[in-house]
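Shown next: work_30.cif, given as mmCIF, C-alpha atoms and all ligand atoms.
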data_query
#
loop_
_atom_site.label_atom_id
_atom_site.label_comp_id
_atom_site.auth_asym_id
_atom_site.auth_seq_id
_atom_site.Cartn_x
_atom_site.Cartn_y
_atom_site.Cartn_z
CA MET A 1 117.93 -20.32 -18.71
CA ASN A 2 117.57 -24.08 -18.85
CA LEU A 3 117.34 -26.98 -21.23
CA THR A 4 114.89 -29.76 -22.07
CA ILE A 5 116.41 -32.97 -23.44
CA VAL A 6 114.14 -35.19 -25.53
CA TYR A 7 114.70 -38.70 -26.80
CA SER A 8 112.67 -41.63 -27.98
CA THR A 9 113.67 -45.17 -27.06
CA ARG A 10 112.39 -48.71 -27.29
CA GLN A 11 113.19 -49.56 -23.71
CA HIS A 12 113.53 -47.22 -20.77
CA ASP A 13 117.09 -47.12 -19.46
CA PRO A 14 117.62 -45.19 -16.19
CA GLN A 15 121.41 -45.29 -16.75
CA PHE A 16 121.07 -43.23 -19.90
CA VAL A 17 119.03 -40.59 -18.06
CA GLU A 18 121.74 -40.47 -15.42
CA HIS A 19 124.44 -40.14 -18.08
CA LEU A 20 122.59 -37.19 -19.65
CA GLN A 21 122.07 -35.51 -16.29
CA LYS A 22 125.69 -35.95 -15.34
CA THR A 23 127.29 -34.85 -18.59
CA CYS A 24 125.08 -31.87 -19.39
CA SER A 25 125.92 -30.53 -15.90
CA LEU A 26 122.65 -28.63 -15.55
CA LYS A 27 121.01 -29.12 -12.15
CA LYS A 28 117.49 -28.39 -13.30
CA VAL A 29 117.56 -30.01 -16.72
CA GLU A 30 114.24 -31.45 -17.90
CA ILE A 31 114.51 -34.85 -19.55
CA LEU A 32 111.59 -36.11 -21.62
CA ALA A 33 112.14 -39.78 -22.41
CA TYR A 34 109.50 -41.35 -24.64
CA THR A 35 109.22 -45.11 -24.74
CA ASN A 36 108.05 -45.89 -28.22
CA SER A 37 108.26 -49.32 -29.79
CA GLY A 38 107.64 -47.97 -33.27
CA ASP A 39 103.93 -47.27 -33.34
CA GLN A 40 104.57 -43.52 -33.43
CA SER A 41 106.85 -41.72 -35.88
CA LEU A 42 109.74 -39.68 -34.50
CA SER A 43 108.14 -36.58 -36.01
CA ALA A 44 104.98 -37.18 -33.94
CA VAL A 45 106.97 -37.84 -30.75
CA TYR A 46 109.16 -34.77 -31.24
CA ASN A 47 106.23 -32.46 -32.01
CA HIS A 48 104.55 -33.67 -28.85
CA ALA A 49 107.78 -32.93 -26.95
CA LEU A 50 108.01 -29.45 -28.53
CA ASN A 51 104.63 -28.71 -26.96
CA GLN A 52 105.39 -30.36 -23.63
CA ALA A 53 108.87 -28.92 -23.01
CA LYS A 54 109.09 -26.47 -20.12
CA ASN A 55 112.10 -24.70 -21.60
CA ASN A 56 112.61 -22.64 -24.73
CA PHE A 57 115.84 -24.48 -25.55
CA VAL A 58 115.27 -28.13 -26.48
CA VAL A 59 117.75 -30.86 -27.50
CA PHE A 60 116.54 -33.85 -29.52
CA LEU A 61 118.83 -36.86 -29.22
CA HIS A 62 119.22 -40.41 -30.33
CA ASP A 63 119.23 -42.92 -27.48
CA ASP A 64 122.49 -44.47 -28.73
CA VAL A 65 124.87 -41.62 -27.93
CA LEU A 66 127.47 -41.06 -25.23
CA PHE A 67 128.70 -37.60 -24.36
CA GLU A 68 132.42 -37.12 -23.99
CA SER A 69 132.29 -33.51 -22.93
CA HIS A 70 130.95 -32.42 -19.59
CA HIS A 71 129.07 -29.14 -19.25
CA TRP A 72 127.65 -29.65 -22.73
CA GLY A 73 124.30 -28.28 -21.56
CA HIS A 74 125.94 -24.94 -20.73
CA LYS A 75 127.71 -24.89 -24.08
CA VAL A 76 124.48 -25.51 -26.00
CA ILE A 77 122.63 -22.84 -24.02
CA HIS A 78 125.47 -20.40 -24.65
CA HIS A 79 125.36 -21.05 -28.40
CA LEU A 80 121.58 -20.72 -28.61
CA GLN A 81 121.59 -17.59 -26.49
CA ASN A 82 124.35 -15.85 -28.38
CA SER A 83 123.64 -16.74 -31.99
CA GLU A 84 120.98 -16.12 -34.58
CA CYS A 85 120.51 -19.85 -35.04
CA GLY A 86 117.20 -21.58 -34.42
CA ILE A 87 118.69 -25.03 -34.99
CA LEU A 88 122.13 -26.42 -34.10
CA GLY A 89 123.69 -29.83 -34.68
CA VAL A 90 127.03 -31.60 -34.47
CA ALA A 91 127.11 -32.81 -38.09
CA GLY A 92 125.54 -31.48 -41.25
CA THR A 93 126.17 -29.85 -44.57
CA ALA A 94 126.16 -26.52 -46.34
CA SER A 95 124.67 -28.20 -49.41
CA LEU A 96 122.00 -30.85 -49.72
CA SER A 97 122.06 -32.43 -53.18
CA THR A 98 119.10 -33.76 -55.14
CA SER A 99 119.66 -37.20 -53.56
CA GLY A 100 118.70 -35.85 -50.13
CA VAL A 101 121.76 -37.55 -48.60
CA TRP A 102 123.52 -34.95 -46.49
CA TRP A 103 126.99 -36.55 -46.45
CA GLU A 104 127.09 -37.02 -50.20
CA GLU A 105 129.00 -33.83 -51.00
CA PRO A 106 132.09 -34.22 -48.81
CA LEU A 107 133.50 -30.88 -49.98
CA LYS A 108 130.70 -29.11 -48.13
CA THR A 109 130.04 -31.24 -45.06
CA ILE A 110 130.56 -29.87 -41.55
CA GLY A 111 131.18 -31.35 -38.11
CA ILE A 112 133.04 -34.03 -36.19
CA VAL A 113 131.36 -37.11 -34.70
CA LYS A 114 132.81 -40.24 -33.14
CA HIS A 115 131.30 -43.59 -34.01
CA GLN A 116 131.45 -46.82 -32.09
CA HIS A 117 130.57 -50.22 -33.42
CA ALA A 118 131.65 -53.79 -32.66
CA GLY A 119 134.28 -52.66 -30.17
CA LYS A 120 135.86 -50.11 -32.50
CA THR A 121 135.75 -46.33 -32.18
CA TRP A 122 136.58 -43.98 -35.01
CA THR A 123 136.14 -40.30 -35.75
CA SER A 124 134.20 -39.04 -38.75
CA LYS A 125 135.65 -35.68 -39.70
CA TYR A 126 133.10 -34.02 -41.90
CA SER A 127 135.25 -30.86 -41.69
CA GLY A 128 138.06 -29.32 -39.66
CA ASP A 129 137.56 -28.43 -36.01
CA PHE A 130 136.20 -24.94 -35.36
CA ALA A 131 136.25 -25.06 -31.56
CA ASN A 132 133.72 -22.52 -30.25
CA ARG A 133 132.48 -21.26 -33.59
CA ILE A 134 129.17 -22.05 -35.30
CA ILE A 135 129.44 -22.92 -39.00
CA PRO A 136 126.34 -22.22 -41.13
CA ALA A 137 124.51 -25.27 -42.53
CA VAL A 138 121.31 -26.06 -44.45
CA CYS A 139 120.62 -29.20 -42.41
CA VAL A 140 122.01 -31.19 -39.48
CA ASP A 141 121.83 -34.86 -38.58
CA GLY A 142 119.21 -36.06 -36.12
CA VAL A 143 121.75 -37.67 -33.81
CA PHE A 144 121.79 -34.31 -32.00
CA ILE A 145 119.52 -31.36 -32.76
CA ALA A 146 119.35 -28.37 -30.42
CA VAL A 147 116.61 -25.82 -31.07
CA ASN A 148 115.59 -22.40 -29.89
CA ARG A 149 111.82 -22.91 -29.90
CA SER A 150 111.04 -19.21 -30.25
CA LYS A 151 113.05 -19.05 -33.49
CA LEU A 152 111.51 -22.11 -35.17
CA LEU A 153 109.08 -21.51 -38.01
CA GLU A 154 108.23 -25.13 -38.82
CA THR A 155 107.52 -28.22 -36.72
CA PHE A 156 108.46 -31.82 -37.57
CA ASN A 157 106.58 -33.17 -40.57
CA GLU A 158 104.18 -35.91 -39.45
CA ASN A 159 103.55 -37.03 -42.99
CA LEU A 160 106.95 -38.67 -42.71
CA THR A 161 106.39 -41.99 -41.03
CA GLY A 162 109.12 -43.86 -39.21
CA PHE A 163 112.55 -42.81 -37.97
CA HIS A 164 114.45 -41.36 -40.92
CA PHE A 165 114.57 -38.03 -42.77
CA TYR A 166 112.49 -36.32 -40.07
CA ASP A 167 115.70 -34.39 -39.24
CA ILE A 168 116.60 -33.32 -42.79
CA ASP A 169 112.99 -32.41 -43.59
CA PHE A 170 112.68 -30.37 -40.38
CA CYS A 171 115.88 -28.47 -41.16
CA ILE A 172 115.14 -27.85 -44.84
CA ASN A 173 111.61 -26.60 -44.05
CA ASN A 174 112.93 -24.24 -41.40
CA ASN A 175 115.85 -23.18 -43.56
CA LEU A 176 113.52 -22.33 -46.46
CA ALA A 177 111.36 -20.34 -44.05
CA GLY A 178 114.44 -18.33 -43.04
CA VAL A 179 115.61 -20.01 -39.83
CA LYS A 180 119.40 -20.04 -39.44
CA ILE A 181 121.02 -23.44 -38.89
CA GLY A 182 124.55 -24.23 -37.75
CA VAL A 183 127.02 -26.89 -36.67
CA ILE A 184 128.88 -26.68 -33.36
CA PHE A 185 132.16 -28.32 -32.36
CA ASN A 186 132.52 -28.04 -28.61
CA VAL A 187 129.97 -30.74 -27.80
CA SER A 188 131.71 -34.05 -28.39
CA LEU A 189 129.68 -37.24 -28.58
CA ILE A 190 130.04 -40.87 -29.57
CA HIS A 191 127.29 -42.33 -31.75
CA LYS A 192 127.04 -46.05 -31.12
CA SER A 193 126.00 -46.76 -34.67
CA ILE A 194 127.64 -46.89 -38.07
CA GLY A 195 124.75 -45.06 -39.67
CA GLN A 196 124.11 -47.82 -42.17
CA THR A 197 121.21 -47.25 -44.52
CA ASN A 198 118.46 -49.82 -45.02
CA GLN A 199 115.17 -50.40 -46.76
CA ALA A 200 113.18 -48.23 -44.36
CA TRP A 201 115.71 -45.43 -44.87
CA GLU A 202 115.35 -45.73 -48.67
CA TYR A 203 111.56 -45.68 -48.38
CA GLN A 204 111.64 -42.50 -46.31
CA ARG A 205 114.21 -40.93 -48.57
CA ALA A 206 111.68 -41.38 -51.40
CA GLN A 207 108.99 -39.81 -49.20
CA PHE A 208 111.31 -36.89 -48.44
CA LEU A 209 112.26 -36.39 -52.09
CA ALA A 210 108.62 -36.45 -53.17
CA THR A 211 108.05 -33.36 -51.01
CA HIS A 212 111.33 -31.58 -51.64
CA LYS A 213 112.09 -32.35 -55.28
CA TYR A 214 111.91 -28.69 -56.21
CA ASN A 215 113.81 -27.43 -53.17
CA LEU A 216 117.00 -29.34 -53.99
CA PRO A 217 119.86 -28.78 -54.29
CA CYS A 218 119.73 -26.49 -51.28
CA THR A 219 123.08 -24.78 -50.97
CA LEU A 220 124.80 -22.05 -48.98
CA LYS A 221 127.90 -20.19 -50.13
CA ALA A 222 131.11 -20.90 -48.22
CA THR A 223 131.76 -18.54 -45.33
CA LEU A 224 135.23 -17.14 -44.72
CA ILE A 225 136.37 -18.26 -41.29
CA PHE A 226 139.33 -16.34 -39.95
CA ASP A 227 140.66 -14.67 -36.87
CA ASN A 228 140.90 -10.93 -36.83
CA LYS A 229 142.27 -10.25 -33.38
CA PRO A 230 145.32 -7.99 -33.51
CA VAL A 231 148.55 -9.90 -32.90
CA LYS A 232 151.41 -8.34 -30.94
CA LEU A 233 154.93 -9.67 -31.31
CA LYS A 234 158.03 -9.31 -29.15
CA SER A 235 160.17 -8.68 -32.19
CA TYR A 236 159.50 -7.56 -35.73
CA PRO A 237 162.33 -8.81 -37.95
CA LYS A 238 162.55 -7.04 -41.28
CA VAL A 239 160.62 -8.71 -44.11
CA SER A 240 161.34 -8.21 -47.81
CA ILE A 241 158.12 -8.72 -49.75
CA ILE A 242 158.85 -9.70 -53.33
CA ILE A 243 156.02 -9.42 -55.86
CA LEU A 244 156.51 -10.33 -59.51
CA HIS A 245 154.26 -8.36 -61.78
CA LYS A 246 153.31 -7.71 -65.38
CA SER A 247 150.47 -5.41 -66.50
CA GLN A 248 147.01 -5.84 -64.91
CA ASN A 249 147.86 -3.14 -62.38
CA PHE A 250 144.51 -3.51 -60.64
CA LEU A 251 145.68 -6.87 -59.30
CA LEU A 252 148.87 -5.42 -57.87
CA PHE A 253 147.11 -2.37 -56.45
CA ASN A 254 144.42 -4.49 -54.78
CA CYS A 255 147.12 -6.69 -53.32
CA LEU A 256 149.07 -3.70 -51.96
CA ASN A 257 145.92 -1.99 -50.67
CA SER A 258 144.97 -5.10 -48.74
CA LEU A 259 148.42 -5.22 -47.19
CA ALA A 260 148.19 -1.55 -46.21
CA GLU A 261 144.69 -2.00 -44.79
CA LYS A 262 144.98 -5.31 -43.01
CA SER A 263 148.54 -5.44 -41.77
CA ILE A 264 150.06 -3.49 -38.94
CA TYR A 265 153.49 -5.06 -39.46
CA PRO A 266 155.94 -2.18 -39.01
CA ASN A 267 159.15 -3.46 -40.54
CA TYR A 268 159.07 -4.39 -44.21
CA GLU A 269 160.04 -3.38 -47.73
CA ILE A 270 158.14 -4.24 -50.87
CA ILE A 271 159.98 -4.92 -54.10
CA VAL A 272 157.82 -5.05 -57.20
CA ALA A 273 159.75 -6.94 -59.87
CA ASP A 274 158.18 -5.81 -63.11
CA THR A 275 158.57 -8.22 -66.00
CA GLY A 276 157.30 -6.23 -68.93
CA SER A 277 154.38 -3.91 -68.15
CA SER A 278 153.68 -1.17 -70.71
CA LYS A 279 155.13 2.30 -70.20
CA PRO A 280 151.90 3.89 -68.87
CA GLU A 281 151.39 0.92 -66.55
CA LEU A 282 154.92 1.28 -65.23
CA GLU A 283 154.37 5.01 -64.70
CA GLU A 284 151.35 4.21 -62.54
CA ILE A 285 153.41 1.85 -60.43
CA TYR A 286 156.24 4.39 -60.01
CA GLU A 287 153.71 7.04 -59.06
CA LEU A 288 152.35 4.77 -56.37
CA ALA A 289 155.88 4.03 -55.16
CA ASN A 290 156.55 7.77 -54.85
CA THR A 291 153.33 8.67 -53.06
CA THR A 292 152.58 5.71 -50.81
CA HIS A 293 153.58 5.43 -47.17
CA MET A 294 154.57 1.88 -47.89
CA ASN A 295 158.24 1.20 -48.37
CA LEU A 296 157.86 0.28 -52.04
CA ASN A 297 160.56 -0.11 -54.71
CA VAL A 298 160.32 -1.14 -58.33
CA VAL A 299 162.91 -3.16 -60.24
CA GLU A 300 162.52 -3.75 -63.97
CA PHE A 301 163.36 -7.00 -65.72
CA GLU A 302 163.39 -7.75 -69.42
CA GLU A 303 162.26 -11.35 -69.14
CA TYR A 304 159.70 -13.42 -67.27
CA HIS A 305 161.25 -16.32 -65.42
CA PHE A 306 159.68 -16.78 -62.03
CA ALA A 307 162.51 -18.62 -60.29
CA ARG A 308 165.38 -16.61 -61.82
CA ILE A 309 163.81 -13.25 -61.10
CA ASN A 310 162.95 -14.15 -57.51
CA ASN A 311 166.58 -15.22 -57.02
CA ALA A 312 167.86 -12.02 -58.60
CA VAL A 313 165.69 -9.86 -56.35
CA VAL A 314 166.73 -11.76 -53.21
CA PHE A 315 170.45 -11.54 -53.99
CA ASN A 316 170.74 -8.16 -55.69
CA HIS A 317 167.85 -5.94 -54.70
CA SER A 318 166.63 -6.77 -51.21
CA ASP A 319 167.82 -5.17 -47.99
CA VAL A 320 170.74 -7.13 -46.55
CA ASN A 321 169.22 -6.54 -43.11
CA SER A 322 166.06 -8.47 -43.98
CA ALA A 323 165.72 -11.61 -41.90
CA LEU A 324 162.70 -12.90 -43.79
CA ILE A 325 161.48 -12.96 -47.36
CA LEU A 326 157.85 -13.13 -48.41
CA PHE A 327 157.34 -14.37 -51.96
CA CYS A 328 153.93 -13.04 -52.84
CA ASN A 329 151.83 -13.34 -55.98
CA ASN A 330 150.23 -10.13 -57.23
CA ASP A 331 146.75 -11.65 -57.54
CA ILE A 332 146.04 -12.19 -53.84
CA GLU A 333 144.40 -10.00 -51.22
CA LEU A 334 144.89 -10.28 -47.50
CA ILE A 335 141.72 -10.77 -45.46
CA ASN A 336 143.48 -10.37 -42.12
CA ASP A 337 146.95 -9.52 -40.89
CA ALA A 338 148.45 -12.69 -42.34
CA LEU A 339 151.91 -11.08 -42.48
CA THR A 340 152.16 -10.49 -38.73
CA ARG A 341 150.65 -13.93 -38.08
CA MET A 342 153.19 -15.69 -40.29
CA VAL A 343 156.04 -13.86 -38.53
CA GLN A 344 154.50 -14.89 -35.21
CA ILE A 345 154.68 -18.53 -36.29
CA TYR A 346 158.27 -17.96 -37.42
CA ASN A 347 159.21 -16.39 -34.07
CA GLN A 348 157.70 -19.35 -32.23
CA ASN A 349 159.33 -22.03 -34.43
CA GLN A 350 162.62 -20.53 -35.58
CA LYS A 351 164.62 -23.65 -34.81
CA THR A 352 162.40 -26.08 -36.64
CA CYS A 353 160.68 -24.17 -39.40
CA GLY A 354 162.18 -22.46 -42.42
CA THR A 355 159.18 -21.90 -44.67
CA ILE A 356 155.74 -20.68 -43.66
CA GLY A 357 152.67 -20.25 -45.80
CA CYS A 358 149.11 -19.21 -45.14
CA ARG A 359 145.66 -20.48 -46.05
CA LEU A 360 144.48 -19.42 -49.47
CA HIS A 361 140.86 -19.07 -50.59
CA PHE A 362 139.38 -18.82 -54.05
CA ALA A 363 137.25 -15.79 -54.89
CA ASP A 364 134.10 -17.81 -54.01
CA ASP A 365 135.56 -18.29 -50.50
CA THR A 366 136.17 -22.03 -50.90
CA ILE A 367 139.67 -23.28 -50.04
CA GLN A 368 142.43 -23.22 -52.62
CA HIS A 369 144.79 -24.73 -50.11
CA ALA A 370 145.28 -24.94 -46.39
CA GLY A 371 148.89 -25.89 -46.96
CA ILE A 372 150.52 -28.22 -49.44
CA GLN A 373 150.59 -31.82 -48.26
CA LEU A 374 152.89 -34.69 -49.09
CA VAL A 375 151.25 -38.09 -48.87
CA MET A 376 152.80 -41.51 -49.41
CA ASN A 377 150.29 -43.35 -51.56
CA GLN A 378 151.59 -46.93 -51.65
CA GLU A 379 155.01 -46.45 -53.27
CA GLN A 380 154.34 -42.99 -54.65
CA LEU A 381 154.86 -39.63 -53.05
CA GLU A 382 151.94 -37.37 -53.89
CA ILE A 383 151.78 -33.62 -53.51
CA SER A 384 148.40 -31.97 -53.20
CA HIS A 385 146.57 -28.88 -52.01
CA LYS A 386 145.13 -29.62 -48.58
CA GLY A 387 141.41 -28.86 -48.48
CA PHE A 388 141.26 -28.06 -52.23
CA HIS A 389 137.83 -26.69 -53.20
CA THR A 390 136.28 -27.60 -49.83
CA TYR A 391 134.28 -25.21 -47.69
CA TYR A 392 135.68 -26.11 -44.27
CA HIS A 393 138.31 -28.82 -44.51
CA PHE A 394 140.95 -26.96 -42.57
CA THR A 395 141.60 -26.31 -38.94
CA ASP A 396 141.05 -22.85 -37.62
CA GLY A 397 144.50 -21.52 -36.73
CA ILE A 398 145.76 -19.07 -34.20
MN MN B 1 121.45 -43.41 -33.66
#
Represent the structure from my file as structure tokens, please.
Amino acid sequence: MNLTIVYSTRQHDPQFVEHLQKTCSLKKVEILAYTNSGDQSLSAVYNHALNQAKNNFVVFLHDDVLFESHHWGHKVIHHLQNSECGILGVAGTASLSTSGVWWEEPLKTIGIVKHQHAGKTWTSKYSGDFANRIIPAVCVDGVFIAVNRSKLLETFNENLTGFHFYDIDFCINNNLAGVKIGVIFNVSLIHKSIGQTNQAWEYQRAQFLATHKYNLPCTLKATLIFDNKPVKLKSYPKVSIIILHKSQNFLLFNCLNSLAEKSIYPNYEIIVADTGSSKPELEEIYELANTTHMNLNVVEFEEYHFARINNAVVFNHSDVNSALILFCNNDIELINDALTRMVQIYNQNQKTCGTIGCRLHFADDTIQHAGIQLVMNQEQLEISHKGFHTYYHFTDGI
């Protein structure tokens, strides 16, 4: 399996061809360089290339990029071969708003690209880094577009003149036709441009919107990204799991079920601190405590005071042999073995870390927080939820 690389340029530059050959690390790569001073639109050039390319996998590039990673050709081929995607990019979004500007909804953008301009290099983090994963998108930026020709259902739109919006239009048309699109992270490139918009860009944005007015916004749901590989530890210190509860038993039962289903942690006790459930509700909880294989105890309190009750359970009701305490709300469900993973982090960082949390998602799979962050904002210390309401603004963990 091989790759065809396509780009359009104003002036032929043999050094760029050499750079592509060297960094993609594919001996038999086909490079189609089109010298075009502007008389042909990019859509026309790219459609021509789609017909000319010898290979099924084709990469469309700007001529102002530098690759940082070697073997990127192999990585792209691997992604295209092993995924459902017809189109891959390095930057894009899971939601294109009615403006047609893909970076306009920062909560839903995806990808990491370096930029270089006037001697400065900086990194645009449109999301966290997802290493070898592909994150689903509705469109990707034209700086780098890799396609699986046999999966494409639409070509580039030649009604779009010029050099802008050909990429977004191509993606949206394919996406609407059912082609899967994604962003990859293991191909690292520097774009020698700041991506500034201009009059031509505005003109073509208007052209694009005239066609796609009724297709926007075009939005995907957030996808839950998590690791599910079983984790084995050298030691399993005892954990006391403390859950405050009042009524709404379905929440507690879903929480406990998820723990039973997802976690293989062998050494824990659960203490449900009830703060005023009704008698029948309490009976249900006691019945569960008596029948479950989980090590579950119930303690009843007359009042509801989150801090005081947690303290009381820690000091008066938890096993003195417990090394660790997990304070857990009743309205969460585990999606993987977060308990074992948190203990793993504890085991690895015992000397430096006293408190460990895990990433929390809302029910719509967006992020509630990927940790709580403290930021000095001028003279003020601010506390906030890292990644709040974003799709992918967190870094994939262990
Ligand atoms: Mn460019």
Ligand MN 1 (chain B): which residues are within 9 Å, counting all atoms listed in the file? Reply as an NGL selection string.
:A and (61-65 or 142-143 or 191-195)
Show me, as a ChimeraX atom specification, the residues that have an atom within 10 Å of Val239 in chain A when counting all atoms listed in the file, minus same-chain residues fewer than 2 positions from it.
/A:236-237,241-242,265-270,318-319,321-326,339,343
Preceding selection exported with C-alpha atoms as a compact mmCIF listing (two decimals), keeping the file's coordinate frame:
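The resulting file, again-v1.txt, is shown below:
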# COMPACT_ATOMS: atom_id res chain seq x y z
CA TYR A 236 159.50 -7.56 -35.73
CA PRO A 237 162.33 -8.81 -37.95
CA ILE A 241 158.12 -8.72 -49.75
CA ILE A 242 158.85 -9.70 -53.33
CA TYR A 265 153.49 -5.06 -39.46
CA PRO A 266 155.94 -2.18 -39.01
CA ASN A 267 159.15 -3.46 -40.54
CA TYR A 268 159.07 -4.39 -44.21
CA GLU A 269 160.04 -3.38 -47.73
CA ILE A 270 158.14 -4.24 -50.87
CA SER A 318 166.63 -6.77 -51.21
CA ASP A 319 167.82 -5.17 -47.99
CA ASN A 321 169.22 -6.54 -43.11
CA SER A 322 166.06 -8.47 -43.98
CA ALA A 323 165.72 -11.61 -41.90
CA LEU A 324 162.70 -12.90 -43.79
CA ILE A 325 161.48 -12.96 -47.36
CA LEU A 326 157.85 -13.13 -48.41
CA LEU A 339 151.91 -11.08 -42.48
CA VAL A 343 156.04 -13.86 -38.53
Just how far from CA of Gly73 in chain A is CA of Val29 in chain A, in Å to one decimal?
8.5 Å
List the neighbours of range 162-173 of chain A out to 9 Å using only C-alpha atoms; skip same-chain residues closer than 4 positions along the sequence, and give me the result as a PyMOL selection string.
chain A and resi 38-43+87+96+100-102+138-143+145+153-158+177-179+181+200-202+204-205+207-208+211-212+215+218
Near range 360-365 of chain A, within 12 Å and counting only C-alpha atoms, which residues show up once chain neighbours fewer than 2 positions away are dropped, as a PyMOL selection string?
chain A and resi 220-226+328-329+331-336+338+357-358+367-372+385-394
So what do you get for CA of Val314 in chain A versus CA of Lys232 in chain A, distance-wise?
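Taking CA of Val314 in chain A as the start and CA of Lys232 in chain A as the end point, the length is 27.2 Å.
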Two-atom distance - CA of Pro136 in chain A, CA of Gly86 in chain A (Å)
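Atom-to-atom, CA of Pro136 in chain A and CA of Gly86 in chain A are spaced 11.4 Å apart.
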Can you tell me, as a list in words, what residues are no more than 9 Å from Thr35 in chain A when counting all atoms listed in the file, ignoring any on the same chain fewer than 3 positions away?
Tyr7, Ser8, Thr9, Arg10, Gln11 and His12 of chain A
Using all atoms listed in the file, the shortest atom-to-atom distance to Thr395 in chain A among A:Tyr203, A:Tyr286, A:Phe185, A:Tyr346 belongs to A:Phe185
So that I can check the surroundings of Arg133 in chain A, please list as a PyMOL selection string every protein, DNA and RNA residue that reaches within 9 Å of it, counting all atoms listed in the file and ignoring chain neighbours fewer than 5 positions away.
chain A and resi 79+183-186
Hey, can I get the axis-aligned box for range 385-394 of chain A? All listed atoms, 8 Å padding on each side, centre and edge lengths in Å to one decimal, as AutoDock Vina command-line options.
--center_x 140.4 --center_y -27.4 --center_z -47.9 --size_x 28.3 --size_y 20.4 --size_z 26.6
Top pick for closest residue to Gln344 in chain A, considering A:Glu105, A:Pro230, A:Ile5, A:Lys180 and counting all atoms listed in the file:
A:Pro230
Using only C-alpha atoms, which residue out of A:His115, A:Lys75, A:Arg149, A:His293 lies closest to Lys54 in chain A?
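Comparing A:His115, A:Lys75, A:Arg149, A:His293 against Lys54 in chain A, the winner is A:Arg149.
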So which one's closest to Phe253 in chain A, A:Ile285, A:Val90, A:Leu233, A:Asp227? Using only C-alpha atoms, please.
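Of the candidates, the smallest distance to Phe253 in chain A is held by A:Ile285.
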For Ala53 in chain A, which of A:Glu30, A:Glu68, A:Asp337, A:Glu382 is the closest residue, counting all atoms listed in the file?
A:Glu30
Nearest-residue call for Asn51 in chain A, choices A:Val6, A:Ile309, A:Val320, A:Leu256, using all atoms listed in the file
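Residue with the minimum atom-to-atom distance to Asn51 in chain A: A:Val6.
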